[in-house]
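A short write-up of the structure that comes next.
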Amino acid sequence: MKVGIVHIATAYTADIADFARKAEDVGFESLWLGEHTVVPASFMARYPTTSDGSPPGFVAHVCDPFVSLMRAATVTSTLRLGTAVCLLPEHNLFALTKQVATLDHYSDGRVLLGVGVGWLKEEGEIAGNWPSRYVLLGEMVQAMKALWTNDEAEFHGQLIDFPPSISMPHPKQQPHPPVLIGGGPANLDRVVAYGDGWCPGFLPPGELRRQLDSLRERMSRAGRDFDALDISVMMGVGERSDIPAMLAQYEAAGAQRVVLCVNKPGTPDEFSDFRLVLPGESDDFLERLGDRIFR
């Protein structure tokens, strides 16, 4: 079982370089960052994984994930670098294609690209194409893969259309970094259509097992290899969680990787209320957490 961890990277939390260096040293396999490109001053959307639907206070403050992961890459050598998730419809296709390929090149092939459309409708209305977000998500994934794997690529879709074009460098990983589709079971058909894996959040092990059975059937009908998928699950943990037992349950359910979201004291494991790691706290925080998992 691979074990990753989420860090909330902001201007006032622990430096991503310090956090990444210690995470690798302790034994974590991967580091994951979320994304919000812009946040409206007021909105009605409810946060999907807090007990009362209220959004965390850091939402408008998170740093750019790709710049942050490049900083993490410079101080590590084996730590995988993940997004959970990159909000594809809010990006320029060609700029993002090159950003991801460049990060993968300089990190020697360590990128895990989790993608989605996000939960904040008002953000999507400002920065993306909210009504057509899922069409755009699919076309962007397919167009990026075409640009990553061909010296010259063209794409002709409903929303994305470009003539034979060149985007270099290509990623270090062959054929490209795995693209994991974020979100719940409603996204299974998207995994089948253009994903290299699935990255759901906070599904109980029993529910994960049921959904993976469904995904296996859908992959078989589409002529795709289910066993080639990367199944990475986000899991909330608190100060009293039996993390090894939880990892064993998820492994038995079919997960290959569990990504830990460490909560503030008192938060139930099925929800997320992230504990922010502040400057100077990375070493102690990660050593204590590592002792509960790897020792």
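Labels for the structure tokens follow display order: chains A, B, ..., residues from 1 in each chain, ligands from 1.
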
Who sits within 12 Å of segment 249-255 of chain A, only C-alpha atoms, same chain under 4 positions skipped, as a PyMOL selection string = chain A and resi 1-3+197-213+215-216+226-227+229-235+242-245+259

Residues of segment 29-253 of chain A in strand (DSSP E), written as JSON, numbers by chain = {"A": [30, 31, 32, 33, 80, 81, 82, 83, 84, 85, 86, 87, 111, 112, 113, 114, 115, 116, 153, 154, 155, 156, 161, 162, 163, 164, 165, 179, 180, 181, 182, 197, 198, 199, 230, 231, 232, 233, 234, 235, 236, 237]}

Requested write-out: N, CA and C atoms of the selected residues, as a CSV table (one decimal), in the first residue's frame:
```
chain,number,residue,atom,x,y,z
A,30,SER,N,4.0,9.9,-1.6
A,30,SER,CA,3.6,11.0,-2.4
A,30,SER,C,3.1,12.2,-1.6
A,31,LEU,N,3.1,13.4,-2.2
A,31,LEU,CA,2.6,14.6,-1.7
A,31,LEU,C,1.6,15.2,-2.6
A,32,TRP,N,0.5,15.6,-2.1
A,32,TRP,CA,-0.6,16.1,-2.9
A,32,TRP,C,-1.1,17.5,-2.5
A,33,LEU,N,-1.4,18.3,-3.5
A,33,LEU,CA,-1.8,19.7,-3.3
A,33,LEU,C,-3.1,19.9,-4.1
A,80,ARG,N,6.6,11.2,-5.0
A,80,ARG,CA,5.7,11.5,-6.1
A,80,ARG,C,5.0,12.8,-5.8
A,81,LEU,N,4.6,13.5,-6.9
A,81,LEU,CA,4.1,14.9,-6.8
A,81,LEU,C,2.7,14.9,-7.4
A,82,GLY,N,1.7,15.0,-6.6
A,82,GLY,CA,0.3,14.9,-7.0
A,82,GLY,C,-0.6,16.1,-6.9
A,83,THR,N,-1.6,16.2,-7.7
A,83,THR,CA,-2.6,17.3,-7.6
A,83,THR,C,-3.9,16.6,-7.3
A,84,ALA,N,-4.6,17.2,-6.3
A,84,ALA,CA,-5.9,16.6,-5.9
A,84,ALA,C,-6.9,17.7,-5.5
A,85,VAL,N,-7.4,18.3,-6.5
A,85,VAL,CA,-7.2,18.0,-7.9
A,85,VAL,C,-6.9,19.3,-8.6
A,86,CYS,N,-6.3,19.2,-9.8
A,86,CYS,CA,-6.1,20.3,-10.7
A,86,CYS,C,-7.4,20.6,-11.4
A,87,LEU,N,-7.9,21.8,-11.4
A,87,LEU,CA,-9.2,22.2,-12.0
A,87,LEU,C,-9.0,22.5,-13.5
A,111,VAL,N,5.3,13.0,-11.5
A,111,VAL,CA,4.0,13.6,-11.5
A,111,VAL,C,2.8,12.6,-11.5
A,112,LEU,N,1.9,12.9,-10.6
A,112,LEU,CA,0.6,12.2,-10.6
A,112,LEU,C,-0.5,13.3,-10.8
A,113,LEU,N,-1.1,13.4,-12.0
A,113,LEU,CA,-2.0,14.5,-12.3
A,113,LEU,C,-3.5,14.1,-12.0
A,114,GLY,N,-3.9,14.5,-10.8
A,114,GLY,CA,-5.4,14.3,-10.4
A,114,GLY,C,-6.1,15.5,-11.0
A,115,VAL,N,-7.2,15.3,-11.7
A,115,VAL,CA,-7.9,16.3,-12.4
A,115,VAL,C,-9.4,16.3,-12.0
A,116,GLY,N,-10.1,17.4,-12.1
A,116,GLY,CA,-11.5,17.5,-11.9
A,116,GLY,C,-12.0,18.9,-12.3
A,153,ALA,N,0.7,17.2,-33.0
A,153,ALA,CA,-0.6,16.7,-32.6
A,153,ALA,C,-1.7,17.7,-33.0
A,154,GLU,N,-2.9,17.2,-33.4
A,154,GLU,CA,-4.0,18.0,-33.7
A,154,GLU,C,-5.2,17.4,-32.9
A,155,PHE,N,-6.2,18.3,-32.7
A,155,PHE,CA,-7.4,17.9,-32.0
A,155,PHE,C,-8.6,18.6,-32.5
A,156,HIS,N,-9.7,17.9,-32.6
A,156,HIS,CA,-10.9,18.6,-33.2
A,156,HIS,C,-12.1,18.1,-32.4
A,161,ASP,N,-10.2,22.9,-30.4
A,161,ASP,CA,-9.9,22.6,-31.9
A,161,ASP,C,-8.6,23.3,-32.2
A,162,PHE,N,-7.6,22.5,-32.6
A,162,PHE,CA,-6.4,23.1,-33.1
A,162,PHE,C,-5.7,22.3,-34.2
A,163,PRO,N,-5.0,22.9,-35.1
A,163,PRO,CA,-4.3,22.2,-36.2
A,163,PRO,C,-3.1,21.5,-35.7
A,164,PRO,N,-2.4,20.8,-36.5
A,164,PRO,CA,-1.1,20.1,-36.1
A,164,PRO,C,-0.2,21.1,-35.4
A,165,SER,N,0.2,20.8,-34.2
A,165,SER,CA,0.9,21.7,-33.3
A,165,SER,C,2.0,20.9,-32.5
A,179,VAL,N,-3.2,10.3,-15.4
A,179,VAL,CA,-4.2,11.2,-15.2
A,179,VAL,C,-5.3,10.5,-14.4
A,180,LEU,N,-5.5,11.0,-13.2
A,180,LEU,CA,-6.5,10.4,-12.3
A,180,LEU,C,-7.7,11.3,-12.2
A,181,ILE,N,-8.8,10.7,-12.5
A,181,ILE,CA,-10.1,11.5,-12.5
A,181,ILE,C,-10.6,11.6,-11.0
A,182,GLY,N,-10.7,12.8,-10.5
A,182,GLY,CA,-11.1,13.0,-9.2
A,182,GLY,C,-12.6,13.0,-9.1
A,197,GLY,N,-6.8,6.5,-14.0
A,197,GLY,CA,-7.0,6.1,-12.6
A,197,GLY,C,-8.2,6.9,-12.1
A,198,TRP,N,-8.5,6.6,-10.8
A,198,TRP,CA,-9.6,7.2,-10.1
A,198,TRP,C,-9.1,7.7,-8.7
A,199,CYS,N,-9.5,8.9,-8.3
A,199,CYS,CA,-9.1,9.5,-7.1
A,199,CYS,C,-10.3,10.0,-6.3
A,230,ASP,N,-4.8,3.3,-11.7
A,230,ASP,CA,-4.2,3.8,-10.5
A,230,ASP,C,-5.4,4.2,-9.6
A,231,ILE,N,-5.6,3.4,-8.5
A,231,ILE,CA,-6.8,3.7,-7.6
A,231,ILE,C,-6.2,4.4,-6.3
A,232,SER,N,-6.4,5.7,-6.2
A,232,SER,CA,-5.9,6.4,-5.1
A,232,SER,C,-7.1,7.1,-4.3
A,233,VAL,N,-7.2,6.8,-3.0
A,233,VAL,CA,-8.3,7.3,-2.2
A,233,VAL,C,-7.9,8.3,-1.2
A,234,MET,N,-8.6,9.4,-1.1
A,234,MET,CA,-8.4,10.4,0.0
A,234,MET,C,-9.0,9.9,1.3
A,235,MET,N,-8.3,10.0,2.4
A,235,MET,CA,-8.8,9.4,3.6
A,235,MET,C,-8.6,10.4,4.8
A,236,GLY,N,-9.6,10.8,5.5
A,236,GLY,CA,-9.5,11.7,6.6
A,236,GLY,C,-9.0,10.9,7.9
A,237,VAL,N,-8.1,11.5,8.6
A,237,VAL,CA,-7.6,10.8,9.8
A,237,VAL,C,-7.4,11.9,10.9
```

Selected residue of minimal separation from Arg221 of chain A among A:Arg71, A:Asn263, A:Phe94, A:Ala193, counting only C-alpha atoms |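 Residue with the minimum atom-to-atom distance to Arg221 of chain A: A:Ala193.
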
Given only C-alpha atoms as the counted atoms, nearest of A:Ile166, A:Ala20, A:Ile8, A:Leu137 to His91 of chain A = A:Leu137

Rounded to one decimal place, report the atom CA of Val258 of chain A-atom CA of Thr50 of chain A distance in Å.
-> 19.2 Å

Could you pull the residues within 12 Å of Gly157 of chain A, counting only C-alpha atoms, minus those fewer than 6 positions along the same chain, as a VMD selection string?
-> chain A and resid 135 to 143 163

Near Ala41 of chain A, counting only C-alpha atoms, which residues have an atom at most 12 Å away, once you skip same-chain residues fewer than 2 positions from it, shown as a PyMOL selection string?
-> chain A and resi 38-39+43-44+59-60+122-123+126

All helix (DSSP H, G or I) residues (DSSP, backbone) inside segment 45-98 of chain A, as a PyMOL selection string | chain A and resi 59-61+65-74+88-90+93-98

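Nearest-residue note for Val67 of chain A: choosing from A:Glu152, A:Glu29, A:Glu35, A:Asp196, the minimum distance belongs to A:Glu35, counting only C-alpha atoms.
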
What lies within 9 Å of Asp64 of chain A using only C-alpha atoms, ignoring chain neighbours under 5 positions off, as a PyMOL selection string?
-> chain A and resi 9-10+33-37+69

Those residues with N, CA and C atoms, as a short mmCIF file (atom, residue, chain, number, x, y, z; two decimals), in the first residue's frame please?
```cif
data_model
loop_
_atom_site.label_atom_id
_atom_site.label_comp_id
_atom_site.auth_asym_id
_atom_site.auth_seq_id
_atom_site.Cartn_x
_atom_site.Cartn_y
_atom_site.Cartn_z
N ALA A 9 -0.77 24.20 1.25
CA ALA A 9 0.33 25.12 1.00
C ALA A 9 -0.22 26.53 0.81
N THR A 10 0.09 27.41 1.74
CA THR A 10 -0.31 28.82 1.66
C THR A 10 0.89 29.67 2.03
N LEU A 33 -1.35 18.30 -3.50
CA LEU A 33 -1.84 19.66 -3.29
C LEU A 33 -3.13 19.87 -4.05
N GLY A 34 -4.00 20.68 -3.46
CA GLY A 34 -5.23 21.07 -4.13
C GLY A 34 -5.06 22.37 -4.90
N GLU A 35 -6.16 22.85 -5.47
CA GLU A 35 -6.08 24.07 -6.28
C GLU A 35 -7.37 24.87 -6.21
N HIS A 36 -7.21 26.17 -6.11
CA HIS A 36 -8.28 27.13 -6.38
C HIS A 36 -7.61 28.31 -7.08
N THR A 37 -7.94 28.54 -8.35
CA THR A 37 -7.28 29.62 -9.09
C THR A 37 -7.79 30.99 -8.66
N LEU A 69 4.84 22.37 -6.33
CA LEU A 69 5.39 21.02 -6.51
C LEU A 69 6.77 21.05 -7.15
#
```

When distances are computed from only C-alpha atoms, which of A:Asp273, A:Val117, A:Leu286, A:Pro279 shows the smallest separation from Pro56 of chain A?
->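 Answer, going by the shortest atom-to-atom distance: A:Asp273.
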
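Each of A:Thr267, A:Thr13, A:Ser272, A:Ser167 was compared to Pro55 of chain A using only C-alpha atoms, and A:Ser272 turns out to be the nearest.
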
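The two atoms in question, atom CA of Val6 of chain A and atom CA of Asp284 of chain A, are spaced 16.0 Å apart.
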